[in-house]
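Below is one structure, written out as structure tokens; comments come after it.
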Amino acid sequence: MYYIIRANNYIGAFYHIRQRGVIRRIYLKGRWQAEECIAENCRENFTVHYEKEIIYIFCQDSQGDIISVTINDTDNIIKRRVVLKNQYDHIVPVTLYPIITEKELVIIYNSANIDDKSNYLMIQKLNENARWESASRIDKYWSDSFDVQRAANDHLLLFYQTRSPENNLGYREITPSRQSDYITYYTTKYYIPDTSCLTTDEGVHTLFVVRSMFSCQLIYRRNMTGSFTGPIVLYEAQRIENCLLFIVKGHLFITFVSSGNLYICVSEDNGASFSQPVRYRNKFCQNPEKAFFITQESQSEKSVFLRQVYVDRSSPWDVQIIPELSEDFFPAYAGPANENINAYYDTGTEYIEEIERLRNQIEVLNRREAEKDIQIANLSRLLSERNREFNEALRGQAPKSVSVGENIV
């Protein structure tokens with residue numbers, strides 16, 4: 001999982017590295033600082049929540065226990081503790097999302113039923129007496145993942161897929177005291193390999209890929225008035241993946257990958273209509289991944305509204321597209337930054353700065369080397385095809401060269 005957090009004066013990237021754990025990297029003073037391991041030896045299924053200048057990370061250690069890590073932005077103090085012990089003799093990957101109030105902690109997480117091998121969404125409360133109440137089931141869900149988006153800190157939209165026996169896309173609204181019914185926005189008998197949702201102050205935008213036997217369709221629906229509009233088919237191809245919804249400068253953007261290329265289309269009327277998808281010609285990485293975007297700053301449909309962004313898998317802090325569309329995405333450096341939060345990075349002198357400069361150069365060279373490797377692989381594949389064609393031509397001519405005394409017509 002990947003996260004990009006926008007704080008008051010910095011941007012933080014959180015990602016997982018095998019054999020190390022959960023890593024944080026901060027963009028500060030006009031450049032990316034050194035990596036810092038936040039949760040050692042933790043698994044890749046972690047979540048990040050940002051509230052009142054505190055970053056909350058929930059991850060799972062190598063024994064399957066759920067670990068809570070908090071980072072205070074004012075002093076950069078990091079605290080770790082075990083929230084839930086693993087009760088099984090094996091490890092079940094758990095993804096946990098919190099609702100934090102003054103009196104209680106509410107967690108939403110997934111659970112697997114060993115008997116029928118089904119996946120369930122659960123909710124559980126830690127009351128003001130610091131005791132866990134009994135967990136209760138929210139719903140049975142299909143596919144490998146679910147998504148949480150916050151309308152407010154204590155008001156979540158839980159997006160997931162069910163089967164009945166058709167595939168249903170939908171969501172529930174959840175607060176500490178109530179849950180809505182499951183709101184379905186699309187039903188199909190076909191497989192749904194990819195989705196993207198954008199919850200805003202005005203409504204919900206949904207985007208998803210439906211794969212039939214012969215092709216894929218990219219479909220959009222929105223709910224701005226209490227009910228969903230009819231589906232709009234935006235694109236059709238043999239393969240569509242990595243679809244994404246976001247708003248920049250008041251325009252609703254849809255992006256997706258097809259045949260190895262990124263395509264983009266735009267709506268200037270908040271999803272009522274869209275331009276024809278065209279190939280994106282600016283800089284874009286070879287291996288994009290979706291990263292969750294979190295900010296305490298107010299977002300608006302009239303300016304910028306992000307729930308997810310693309311990052312480069314080989315450089316998970318490298319945000320794609322958005323910095324080109326929104327010039328002020330990265331905080332401007334106009335002087336000394338908050339010294340408390342960045343004490344770790346400011347303890348050195350010019351040696352630290354020189355090391356970071358060299359590290360940045362190495363990252364650029366590594367990316368260029370990876371691109372060269374791809375080009376070499378493509379050339380090698382082309383050369384192999386040409387050699388095969390040449391050998392086939394030689395085999396076709398061989399009888400003429402070895403047959404003596406025969407008439408060749």
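In the structure tokens, the first chain shown is A, the next is B, and so on; residue numbers restart at 1 for each chain, and ligands run from 1 in the order shown.
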Kindly assemble as a Markdown table a list of the range 9-69 of chain A residues that lie within 12 Å of range 105-127 of chain A, each paired with its nearest atom pair and their distance in Å to one decimal, using only C-alpha atoms, sorted first by chain and then by ascending residue number.
```
| residue | atom | partner | partner_atom | distance |
| --- | --- | --- | --- | --- |
| A:Asn45 | CA | A:Asn110 | CA | 11.3 |
| A:Phe46 | CA | A:Tyr109 | CA | 11.2 |
| A:Thr47 | CA | A:Tyr109 | CA | 10.7 |
| A:His49 | CA | A:Ile107 | CA | 11.9 |
| A:Phe58 | CA | A:Ile107 | CA | 10.3 |
| A:Cys59 | CA | A:Tyr109 | CA | 11.6 |
| A:Ile66 | CA | A:Tyr109 | CA | 10.9 |
| A:Ser68 | CA | A:Ile107 | CA | 11.8 |
```
When you look at Val266 in chain A with a cut-off of 9 Å (counting only C-alpha atoms), what residues show up, excluding the ones that are within fewer than 6 positions of it in the same chain? I need them as an mmCIF file with C-alpha atoms, in the first residue's frame.
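Ended up saving to result.cif:
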```
data_model
loop_
_atom_site.group_PDB
_atom_site.id
_atom_site.type_symbol
_atom_site.label_atom_id
_atom_site.label_comp_id
_atom_site.auth_asym_id
_atom_site.auth_seq_id
_atom_site.Cartn_x
_atom_site.Cartn_y
_atom_site.Cartn_z
ATOM 1 C CA HIS A 251 -12.267 20.049 -13.659
ATOM 2 C CA LEU A 252 -13.056 16.384 -13.108
ATOM 3 C CA PHE A 253 -10.307 14.215 -14.604
ATOM 4 C CA ILE A 254 -10.464 10.533 -15.509
ATOM 5 C CA THR A 255 -7.257 8.660 -16.292
ATOM 6 C CA SER A 273 -20.297 14.963 -19.878
ATOM 7 C CA PHE A 274 -16.695 14.152 -20.787
ATOM 8 C CA SER A 275 -14.244 14.871 -23.550
ATOM 9 C CA GLN A 276 -12.990 12.030 -25.710
ATOM 10 C CA PRO A 277 -10.110 10.119 -24.042
#
```
Rows by chain and residue number, range 136-205 of chain A within 10 Å of range 239-243 of chain A, shortest pair, only C-alpha atoms, as a Markdown table:
```
| residue | atom | partner | partner_atom | distance |
| --- | --- | --- | --- | --- |
| A:Pro193 | CA | A:Glu241 | CA | 7.7 |
| A:Asp194 | CA | A:Glu241 | CA | 6.4 |
| A:Thr195 | CA | A:Cys243 | CA | 6.7 |
| A:Ser196 | CA | A:Cys243 | CA | 6.3 |
| A:Cys197 | CA | A:Cys243 | CA | 9.7 |
```
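Note that the spacing between CA of Glu297 in chain A and CA of Ile54 in chain A amounts to 13.8 Å.
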Identify, on the basis of only C-alpha atoms, every residue whose closest approach to Phe246 in chain A does not exceed 12 Å; exclude the query and any residue fewer than 4 positions from it along the same chain; express the result as a ChimeraX atom specification.
/A:196-200,204-207,250-256,264-267,270-271,292-293,299-310,321-322,325-326
Store the residues of this selection in a file with N, CA and C atoms, as a compact mmCIF listing (two decimals), in the first residue's frame.
```txt
# COMPACT_ATOMS: atom_id res chain seq x y z
N SER A 196 -12.44 3.05 -9.00
CA SER A 196 -11.95 4.28 -8.38
C SER A 196 -13.16 5.09 -7.96
N CYS A 197 -13.13 5.61 -6.74
CA CYS A 197 -14.24 6.41 -6.23
C CYS A 197 -13.72 7.73 -5.70
N LEU A 198 -14.52 8.75 -5.85
CA LEU A 198 -14.15 10.09 -5.39
C LEU A 198 -15.32 10.67 -4.60
N THR A 199 -15.19 10.68 -3.28
CA THR A 199 -16.20 11.26 -2.40
C THR A 199 -15.88 12.73 -2.18
N THR A 200 -16.81 13.62 -2.51
CA THR A 200 -16.60 15.05 -2.33
C THR A 200 -17.69 15.61 -1.42
N VAL A 204 -20.85 11.72 -4.77
CA VAL A 204 -19.95 10.59 -4.98
C VAL A 204 -19.79 10.34 -6.48
N HIS A 205 -18.54 10.27 -6.92
CA HIS A 205 -18.22 9.90 -8.30
C HIS A 205 -17.64 8.49 -8.28
N THR A 206 -18.05 7.65 -9.22
CA THR A 206 -17.53 6.29 -9.29
C THR A 206 -17.05 5.99 -10.71
N LEU A 207 -15.99 5.20 -10.78
CA LEU A 207 -15.40 4.80 -12.05
C LEU A 207 -14.97 3.34 -11.90
N GLY A 250 -11.05 22.72 -10.63
CA GLY A 250 -12.48 22.66 -10.88
C GLY A 250 -12.90 21.70 -11.97
N HIS A 251 -11.95 21.00 -12.59
CA HIS A 251 -12.27 20.05 -13.66
C HIS A 251 -12.14 18.62 -13.13
N LEU A 252 -13.09 17.78 -13.50
CA LEU A 252 -13.06 16.38 -13.11
C LEU A 252 -12.27 15.59 -14.15
N PHE A 253 -11.17 14.97 -13.71
CA PHE A 253 -10.31 14.22 -14.60
C PHE A 253 -10.53 12.72 -14.41
N ILE A 254 -10.47 11.99 -15.52
CA ILE A 254 -10.46 10.53 -15.51
C ILE A 254 -9.23 10.08 -16.28
N THR A 255 -8.45 9.21 -15.64
CA THR A 255 -7.26 8.66 -16.29
C THR A 255 -7.30 7.15 -16.19
N PHE A 256 -6.65 6.48 -17.13
CA PHE A 256 -6.58 5.02 -17.12
C PHE A 256 -5.46 4.58 -18.05
N ILE A 264 -6.42 10.12 -20.86
CA ILE A 264 -7.03 11.10 -19.98
C ILE A 264 -8.24 11.73 -20.67
N CYS A 265 -9.30 11.94 -19.90
CA CYS A 265 -10.45 12.70 -20.40
C CYS A 265 -10.93 13.60 -19.28
N VAL A 266 -11.65 14.66 -19.64
CA VAL A 266 -11.96 15.73 -18.70
C VAL A 266 -13.44 16.09 -18.79
N SER A 267 -14.01 16.40 -17.63
CA SER A 267 -15.37 16.94 -17.57
C SER A 267 -15.31 18.34 -16.99
N ASN A 270 -18.73 18.79 -13.99
CA ASN A 270 -18.82 17.94 -12.80
C ASN A 270 -19.36 16.54 -13.10
N GLY A 271 -19.02 16.00 -14.27
CA GLY A 271 -19.38 14.63 -14.58
C GLY A 271 -20.60 14.45 -15.44
N PHE A 292 -3.04 6.27 -1.79
CA PHE A 292 -4.07 7.03 -1.10
C PHE A 292 -3.53 8.41 -0.75
N PHE A 293 -4.37 9.42 -0.94
CA PHE A 293 -3.97 10.80 -0.66
C PHE A 293 -4.77 11.29 0.54
N GLN A 299 -10.53 20.66 0.92
CA GLN A 299 -10.55 20.43 -0.51
C GLN A 299 -11.91 20.87 -1.06
N SER A 300 -11.95 21.18 -2.32
CA SER A 300 -13.17 21.72 -2.91
C SER A 300 -13.29 21.27 -4.35
N GLU A 301 -14.54 21.05 -4.80
CA GLU A 301 -14.78 20.72 -6.21
C GLU A 301 -14.43 21.87 -7.12
N LYS A 302 -14.37 23.08 -6.58
CA LYS A 302 -14.04 24.25 -7.39
C LYS A 302 -12.52 24.44 -7.53
N SER A 303 -11.74 23.68 -6.78
CA SER A 303 -10.29 23.80 -6.88
C SER A 303 -9.67 22.42 -7.05
N VAL A 304 -9.29 21.79 -5.93
CA VAL A 304 -8.64 20.48 -5.99
C VAL A 304 -9.34 19.53 -5.03
N PHE A 305 -9.58 18.29 -5.49
CA PHE A 305 -10.13 17.25 -4.64
C PHE A 305 -9.49 15.92 -5.04
N LEU A 306 -8.68 15.38 -4.13
CA LEU A 306 -7.94 14.15 -4.41
C LEU A 306 -8.25 13.11 -3.35
N ARG A 307 -8.44 11.88 -3.77
CA ARG A 307 -8.52 10.74 -2.86
C ARG A 307 -7.39 9.74 -3.13
N GLN A 308 -6.97 9.68 -4.39
CA GLN A 308 -5.86 8.84 -4.78
C GLN A 308 -5.03 9.56 -5.83
N VAL A 309 -3.76 9.21 -5.90
CA VAL A 309 -2.86 9.74 -6.92
C VAL A 309 -2.00 8.60 -7.43
N TYR A 310 -1.39 8.79 -8.60
CA TYR A 310 -0.42 7.83 -9.10
C TYR A 310 0.95 8.11 -8.49
N ILE A 321 1.60 13.19 -12.57
CA ILE A 321 0.53 13.99 -13.20
C ILE A 321 0.11 15.20 -12.37
N ILE A 322 -0.28 14.98 -11.10
CA ILE A 322 -0.86 16.05 -10.29
C ILE A 322 0.06 17.26 -10.18
N LEU A 325 -0.37 19.36 -13.24
CA LEU A 325 -1.67 20.02 -13.39
C LEU A 325 -1.89 21.08 -12.32
N SER A 326 -1.33 20.86 -11.14
CA SER A 326 -1.50 21.79 -10.01
C SER A 326 -0.13 22.27 -9.57
```
Between A:Cys42, A:Asn129, A:Thr225, A:Ala237, smallest distance to Asp201 in chain A by only C-alpha atoms belongs to A:Thr225
Under the rule that only C-alpha atoms are counted, which of A:Thr187, A:Gln149, A:Ser212, A:Thr95 is the nearest residue to Arg172 in chain A?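 Smallest separation from Arg172 in chain A among the options: A:Gln149.
Distance check against Glu173 in chain A using only C-alpha atoms: of A:Tyr160, A:Tyr191, A:Tyr235, A:Trp317, the minimum falls on A:Tyr160.
Ranking A:Asp144, A:Glu202, A:Glu289, A:Asp75 by their shortest atom-to-atom distance to Asp312 in chain A, with only C-alpha atoms included, puts A:Glu289 first.
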Fill in: Proximity to Pro323 in chain A - best of A:Val248, A:Ser258, A:Asp139, A:Asn86, only C-alpha atoms
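Using only C-alpha atoms, the shortest distance to Pro323 in chain A belongs to A:Val248.
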